[in-house]
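Engineer: Next up is a structure, given as structure tokens.
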Amino acid sequence: MTDVIKTDVLIVGAGPCGLFAVFELGLLDIKVHLVDILDKIGGQCAELYPEKPIYDIPGIPLITGHGLTEALLEQIKPFNPQFHLNEMVAEVEKIGDPGFRVTTDAGTVFECKVLVVAAGGGSFQPKRPPVPGVEAYEGKSVHYAVRKMEEFRGKDILIVGGGDSALDWTLNLNPLAKSMTLVHRRDDFRGAPHSVEQMRALVASGKLDLKIGQITELQGENGQLSGATVKGNDNSISQVTCNAMLPFFGLTMKLGPVANWGLHLENNLVPVDTGTFETNVPGIFAIGDINTYPGKLKLILSGFHEGALMAQKAHKYVYPDKRLVFQYTTSSSSLQKKLGVN
Amino acid sequence: MAKIHFVDHTGETRTIEVENGATVMEAAIRNAVPGIEAECGGACACATCHVYVDEAWREKVGGPSPMEEDMLDFGFDVRPSSRLSCQIKVTDELDGLVVSTPERQA
């Protein structure tokens, strides 16, 4: 049992809206921890379009997803937010009025007064490969991640994909495997050149069977895979014997556990009050792409506004006895002190 | 302006008029053409606007960029004529273009 982390506010999602919310909360002396399922900060800006230009951030004619993330991190530095990456919030339990105990899939436990859901399109999760009937094998013989390498010892392993994950696991699991087949759509790999070289060396030494094509069918029963059919680009059909498959088809966004936190949902979005961006559960707020209200636009700038208003209401929960006086960063010496500029 | 014909996997065709400069994906989404999802909104970061370019049009439309090829790795039933429709910009040249949508997106 790990120690419980106590914080004023826990933000689910470290995308641009979650990051800017740290700023608005920080100005009000509210301490924040953030949890994100990705291994990096920035949400969609980091995962989907780090190098793509964004043209509609007010006052910034052009910035990339990566650039915006970096700039936001610089802006919120004075407030020392604590990040918990590679973790997904699994459970939310009400323990106060308001107050929540929040547990992640990695077992980290938080106790917070306010929970802010800034989860964008939901959590990034491995994409199911486009193979009919794959669902029946998931968790038993089809795995989207390797938790313990030992579980793959002595297996006939089929790895599908052409990026770094596919190549890394091909290289790491090869010594443990009884046999190994790598299937990729084309003889061109997205992974690091060095990994591609090592993979090709395994093929040359007979330790890896590389097939160029797409999986069209799986065979097996009761969730236990026994083989897969590969259609080559020349339409040739071949058969792979395998009892474990690891498909790496990138990430997709799914609402995930947010659906189980007692929040009302409308088309997988969380309805909020537009004065406070609070959900139907007092103390739980939703900002950014994940919320919905009349006129909602999924713009980063809207999420920034939502975070600012959320912070005002969150202050009432965190400091019920303090009166909040609205101040500007331009002129308030106390805000400037918090920002470390005065 | 160009007329683009979308053939779905059952063979049904929908024709829409598209202004130059828009992408085939944008045209499909604005006109609610089924079979195209465009989960990432056109960032070439998913493979859910996958289409097959009609043989007669493949040369004019051209092939995918390396980045697009990378994304096509995530597609369903990818063929030599596969493109991501968010990466096809409409011009007068493409007036009459025929694309078909796969049985499902990734």
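We name chains A, B, ... following the order of the structure tokens; residues begin at 1 in each chain, and ligands are numbered from 1 as shown.
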Within 8 Å of chain A, which residues of chain B show up when using only C-alpha atoms, listed as a PyMOL selection string?
Structural biologist: chain B and resi 40+43+45+70+73-77+79+106
Engineer: Keeping only N, CA and C atoms, write the selected residues as a JSON list (two decimals), in the first residue's frame.
Structural biologist:
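Dumped to out.json:
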[["chain", "number", "residue", "atom", "x", "y", "z"],
["B", 40, "CYS", "N", -8.97, 12.04, -35.99],
["B", 40, "CYS", "CA", -7.98, 13.03, -35.55],
["B", 40, "CYS", "C", -8.24, 14.41, -36.13],
["B", 43, "ALA", "N", -5.24, 15.61, -39.03],
["B", 43, "ALA", "CA", -3.83, 15.86, -38.68],
["B", 43, "ALA", "C", -2.90, 14.79, -39.25],
["B", 45, "ALA", "N", -2.96, 11.80, -38.34],
["B", 45, "ALA", "CA", -2.52, 11.15, -37.12],
["B", 45, "ALA", "C", -3.38, 9.94, -36.76],
["B", 70, "ASP", "N", 3.02, 5.78, -43.18],
["B", 70, "ASP", "CA", 3.16, 5.34, -41.79],
["B", 70, "ASP", "C", 1.79, 5.17, -41.15],
["B", 73, "ASP", "N", -0.38, 2.19, -42.09],
["B", 73, "ASP", "CA", -0.09, 0.93, -41.39],
["B", 73, "ASP", "C", -1.21, 0.56, -40.42],
["B", 74, "PHE", "N", -1.95, 1.57, -39.96],
["B", 74, "PHE", "CA", -3.01, 1.32, -38.98],
["B", 74, "PHE", "C", -4.36, 1.09, -39.65],
["B", 75, "GLY", "N", -4.40, 1.11, -40.95],
["B", 75, "GLY", "CA", -5.68, 0.99, -41.66],
["B", 75, "GLY", "C", -6.18, -0.44, -41.78],
["B", 76, "PHE", "N", -7.44, -0.55, -42.18],
["B", 76, "PHE", "CA", -8.06, -1.86, -42.38],
["B", 76, "PHE", "C", -8.06, -2.16, -43.87],
["B", 77, "ASP", "N", -7.59, -3.35, -44.23],
["B", 77, "ASP", "CA", -7.56, -3.80, -45.63],
["B", 77, "ASP", "C", -6.91, -2.74, -46.54],
["B", 79, "ARG", "N", -4.72, -1.31, -49.44],
["B", 79, "ARG", "CA", -4.38, -1.80, -50.78],
["B", 79, "ARG", "C", -3.45, -0.80, -51.48],
["B", 106, "ALA", "N", -10.32, 1.86, -39.47],
["B", 106, "ALA", "CA", -9.50, 1.11, -38.50],
["B", 106, "ALA", "C", -10.16, 1.11, -37.12]]
Engineer: As a PyMOL selection string, please: every residue in chain B that DSSP puts in alpha helix (DSSP H).
Structural biologist: chain B and resi 24-30+58-61+66-72
Engineer: Please provide the set of residues having any atom within 9 Å of segment 34-42 of chain A, restricted to only C-alpha atoms, with same-chain residues fewer than 3 positions apart removed, written as a PyMOL selection string.
Structural biologist: chain A and resi 9-16+18-19+22+45-47+50+65-66+68-70+73+81-89+104+119+123-125
Engineer: Output C-alpha atoms of each residue in that selection to a file, as a compact mmCIF listing (two decimals), in the first residue's frame.
Structural biologist:
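Once written, result.txt looks like this:
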# COMPACT_ATOMS: atom_id res chain seq x y z
CA VAL A 9 -7.01 19.50 -6.78
CA LEU A 10 -6.35 16.48 -8.95
CA ILE A 11 -6.49 17.06 -12.69
CA VAL A 12 -7.11 14.11 -14.95
CA GLY A 13 -5.29 14.85 -18.19
CA ALA A 14 -2.09 16.83 -18.81
CA GLY A 15 -3.12 18.34 -22.14
CA PRO A 16 -3.19 22.11 -22.76
CA GLY A 18 -5.17 20.70 -17.77
CA LEU A 19 -1.89 22.60 -17.87
CA VAL A 22 -2.75 24.71 -13.07
CA CYS A 45 -0.73 18.24 -28.64
CA ALA A 46 2.05 15.81 -27.77
CA GLU A 47 0.60 12.58 -29.09
CA PRO A 50 3.56 17.71 -31.86
CA GLY A 65 1.67 21.30 -30.39
CA HIS A 66 5.06 20.69 -28.83
CA LEU A 68 2.48 25.12 -26.90
CA THR A 69 3.12 22.37 -24.35
CA GLU A 70 6.59 23.75 -23.61
CA LEU A 73 4.99 24.28 -18.79
CA PRO A 81 2.62 21.00 -10.42
CA GLN A 82 3.29 17.30 -9.79
CA PHE A 83 2.85 14.97 -12.74
CA HIS A 84 2.01 11.28 -12.63
CA LEU A 85 2.50 9.96 -16.15
CA ASN A 86 1.76 6.51 -17.58
CA GLU A 87 -1.15 6.22 -15.18
CA MET A 88 -4.86 6.12 -15.78
CA VAL A 89 -7.37 7.16 -13.14
CA THR A 104 -4.98 4.97 -10.63
CA ALA A 119 -9.32 14.25 -20.34
CA SER A 123 -7.74 8.11 -22.51
CA PHE A 124 -5.33 7.07 -25.21
CA GLN A 125 -5.52 3.32 -25.46
Engineer: Give me the residues within 6 Å of segment 4-11 of chain B as a ChimeraX atom specification, counting only C-alpha atoms and dropping any in the same chain fewer than 6 places off.
Structural biologist: /B:96-103
Engineer: Near segment 261-264 of chain A, counting only C-alpha atoms, which residues have an atom at most 10 Å away, once you skip same-chain residues fewer than 2 positions from it, shown as a ChimeraX atom specification?
Structural biologist: /A:90-94,257-259,266,268-272,279-281,284-286
Engineer: Would you mind exporting N, CA and C atoms of the selected residues as a PDB file, in the first residue's frame?
Structural biologist:
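What follows is the written file result.pdb:
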ATOM      1  N   ALA A  90      -8.487   5.163 -12.414  1.00  0.00           N
ATOM      2  CA  ALA A  90      -9.409   4.044 -12.557  1.00  0.00           C
ATOM      3  C   ALA A  90     -10.672   4.253 -11.726  1.00  0.00           C
ATOM      4  N   GLU A  91     -10.487   4.662 -10.464  1.00  0.00           N
ATOM      5  CA  GLU A  91     -11.652   4.761  -9.576  1.00  0.00           C
ATOM      6  C   GLU A  91     -11.723   6.104  -8.878  1.00  0.00           C
ATOM      7  N   VAL A  92     -12.940   6.568  -8.722  1.00  0.00           N
ATOM      8  CA  VAL A  92     -13.188   7.796  -7.979  1.00  0.00           C
ATOM      9  C   VAL A  92     -14.251   7.484  -6.935  1.00  0.00           C
ATOM     10  N   GLU A  93     -13.890   7.766  -5.669  1.00  0.00           N
ATOM     11  CA  GLU A  93     -14.816   7.470  -4.585  1.00  0.00           C
ATOM     12  C   GLU A  93     -15.037   8.757  -3.801  1.00  0.00           C
ATOM     13  N   LYS A  94     -16.290   9.035  -3.476  1.00  0.00           N
ATOM     14  CA  LYS A  94     -16.605  10.256  -2.741  1.00  0.00           C
ATOM     15  C   LYS A  94     -16.317  10.035  -1.267  1.00  0.00           C
ATOM     16  N   PRO A 257     -12.578   4.861 -18.132  1.00  0.00           N
ATOM     17  CA  PRO A 257     -13.210   4.800 -16.810  1.00  0.00           C
ATOM     18  C   PRO A 257     -14.027   6.037 -16.436  1.00  0.00           C
ATOM     19  N   VAL A 258     -13.847   7.165 -17.141  1.00  0.00           N
ATOM     20  CA  VAL A 258     -14.628   8.377 -16.822  1.00  0.00           C
ATOM     21  C   VAL A 258     -16.120   8.037 -16.756  1.00  0.00           C
ATOM     22  N   ALA A 259     -16.511   7.061 -17.568  1.00  0.00           N
ATOM     23  CA  ALA A 259     -17.921   6.671 -17.638  1.00  0.00           C
ATOM     24  C   ALA A 259     -18.439   6.094 -16.315  1.00  0.00           C
ATOM     25  N   GLU A 266     -23.452  12.713 -22.154  1.00  0.00           N
ATOM     26  CA  GLU A 266     -24.256  12.951 -23.355  1.00  0.00           C
ATOM     27  C   GLU A 266     -23.348  12.662 -24.533  1.00  0.00           C
ATOM     28  N   ASN A 268     -21.066  10.520 -24.840  1.00  0.00           N
ATOM     29  CA  ASN A 268     -19.706  10.335 -24.335  1.00  0.00           C
ATOM     30  C   ASN A 268     -19.019  11.637 -23.920  1.00  0.00           C
ATOM     31  N   LEU A 269     -19.809  12.688 -23.729  1.00  0.00           N
ATOM     32  CA  LEU A 269     -19.246  13.950 -23.235  1.00  0.00           C
ATOM     33  C   LEU A 269     -19.912  14.274 -21.906  1.00  0.00           C
ATOM     34  N   VAL A 270     -19.245  15.113 -21.107  1.00  0.00           N
ATOM     35  CA  VAL A 270     -19.746  15.403 -19.770  1.00  0.00           C
ATOM     36  C   VAL A 270     -20.425  16.779 -19.765  1.00  0.00           C
ATOM     37  N   PRO A 271     -21.733  16.839 -19.545  1.00  0.00           N
ATOM     38  CA  PRO A 271     -22.411  18.141 -19.502  1.00  0.00           C
ATOM     39  C   PRO A 271     -21.968  18.932 -18.271  1.00  0.00           C
ATOM     40  N   VAL A 272     -21.787  20.231 -18.458  1.00  0.00           N
ATOM     41  CA  VAL A 272     -21.348  21.088 -17.353  1.00  0.00           C
ATOM     42  C   VAL A 272     -22.173  22.355 -17.294  1.00  0.00           C
ATOM     43  N   THR A 279     -19.665  19.616 -13.004  1.00  0.00           N
ATOM     44  CA  THR A 279     -20.541  18.561 -13.530  1.00  0.00           C
ATOM     45  C   THR A 279     -21.734  18.381 -12.597  1.00  0.00           C
ATOM     46  N   ASN A 280     -22.481  17.330 -12.818  1.00  0.00           N
ATOM     47  CA  ASN A 280     -23.615  17.050 -11.929  1.00  0.00           C
ATOM     48  C   ASN A 280     -23.159  16.627 -10.532  1.00  0.00           C
ATOM     49  N   VAL A 281     -21.887  16.241 -10.387  1.00  0.00           N
ATOM     50  CA  VAL A 281     -21.366  15.879  -9.066  1.00  0.00           C
ATOM     51  C   VAL A 281     -20.625  17.094  -8.490  1.00  0.00           C
ATOM     52  N   ILE A 284     -16.685  17.925  -8.790  1.00  0.00           N
ATOM     53  CA  ILE A 284     -16.045  17.379  -9.996  1.00  0.00           C
ATOM     54  C   ILE A 284     -16.359  18.319 -11.166  1.00  0.00           C
ATOM     55  N   PHE A 285     -15.288  18.799 -11.787  1.00  0.00           N
ATOM     56  CA  PHE A 285     -15.405  19.732 -12.905  1.00  0.00           C
ATOM     57  C   PHE A 285     -14.955  19.037 -14.182  1.00  0.00           C
ATOM     58  N   ALA A 286     -15.396  19.539 -15.325  1.00  0.00           N
ATOM     59  CA  ALA A 286     -14.916  19.008 -16.604  1.00  0.00           C
ATOM     60  C   ALA A 286     -14.604  20.185 -17.520  1.00  0.00           C
TER      61      ALA A 286
END
Engineer: Excluding Glu68 of chain B and residues on its chain fewer than 5 positions from it, collect all residues at most 8 Å away from it, counting only C-alpha atoms, and give them as a list in words.
Structural biologist: Cys44, Arg83, Leu84 and Gln87 of chain B
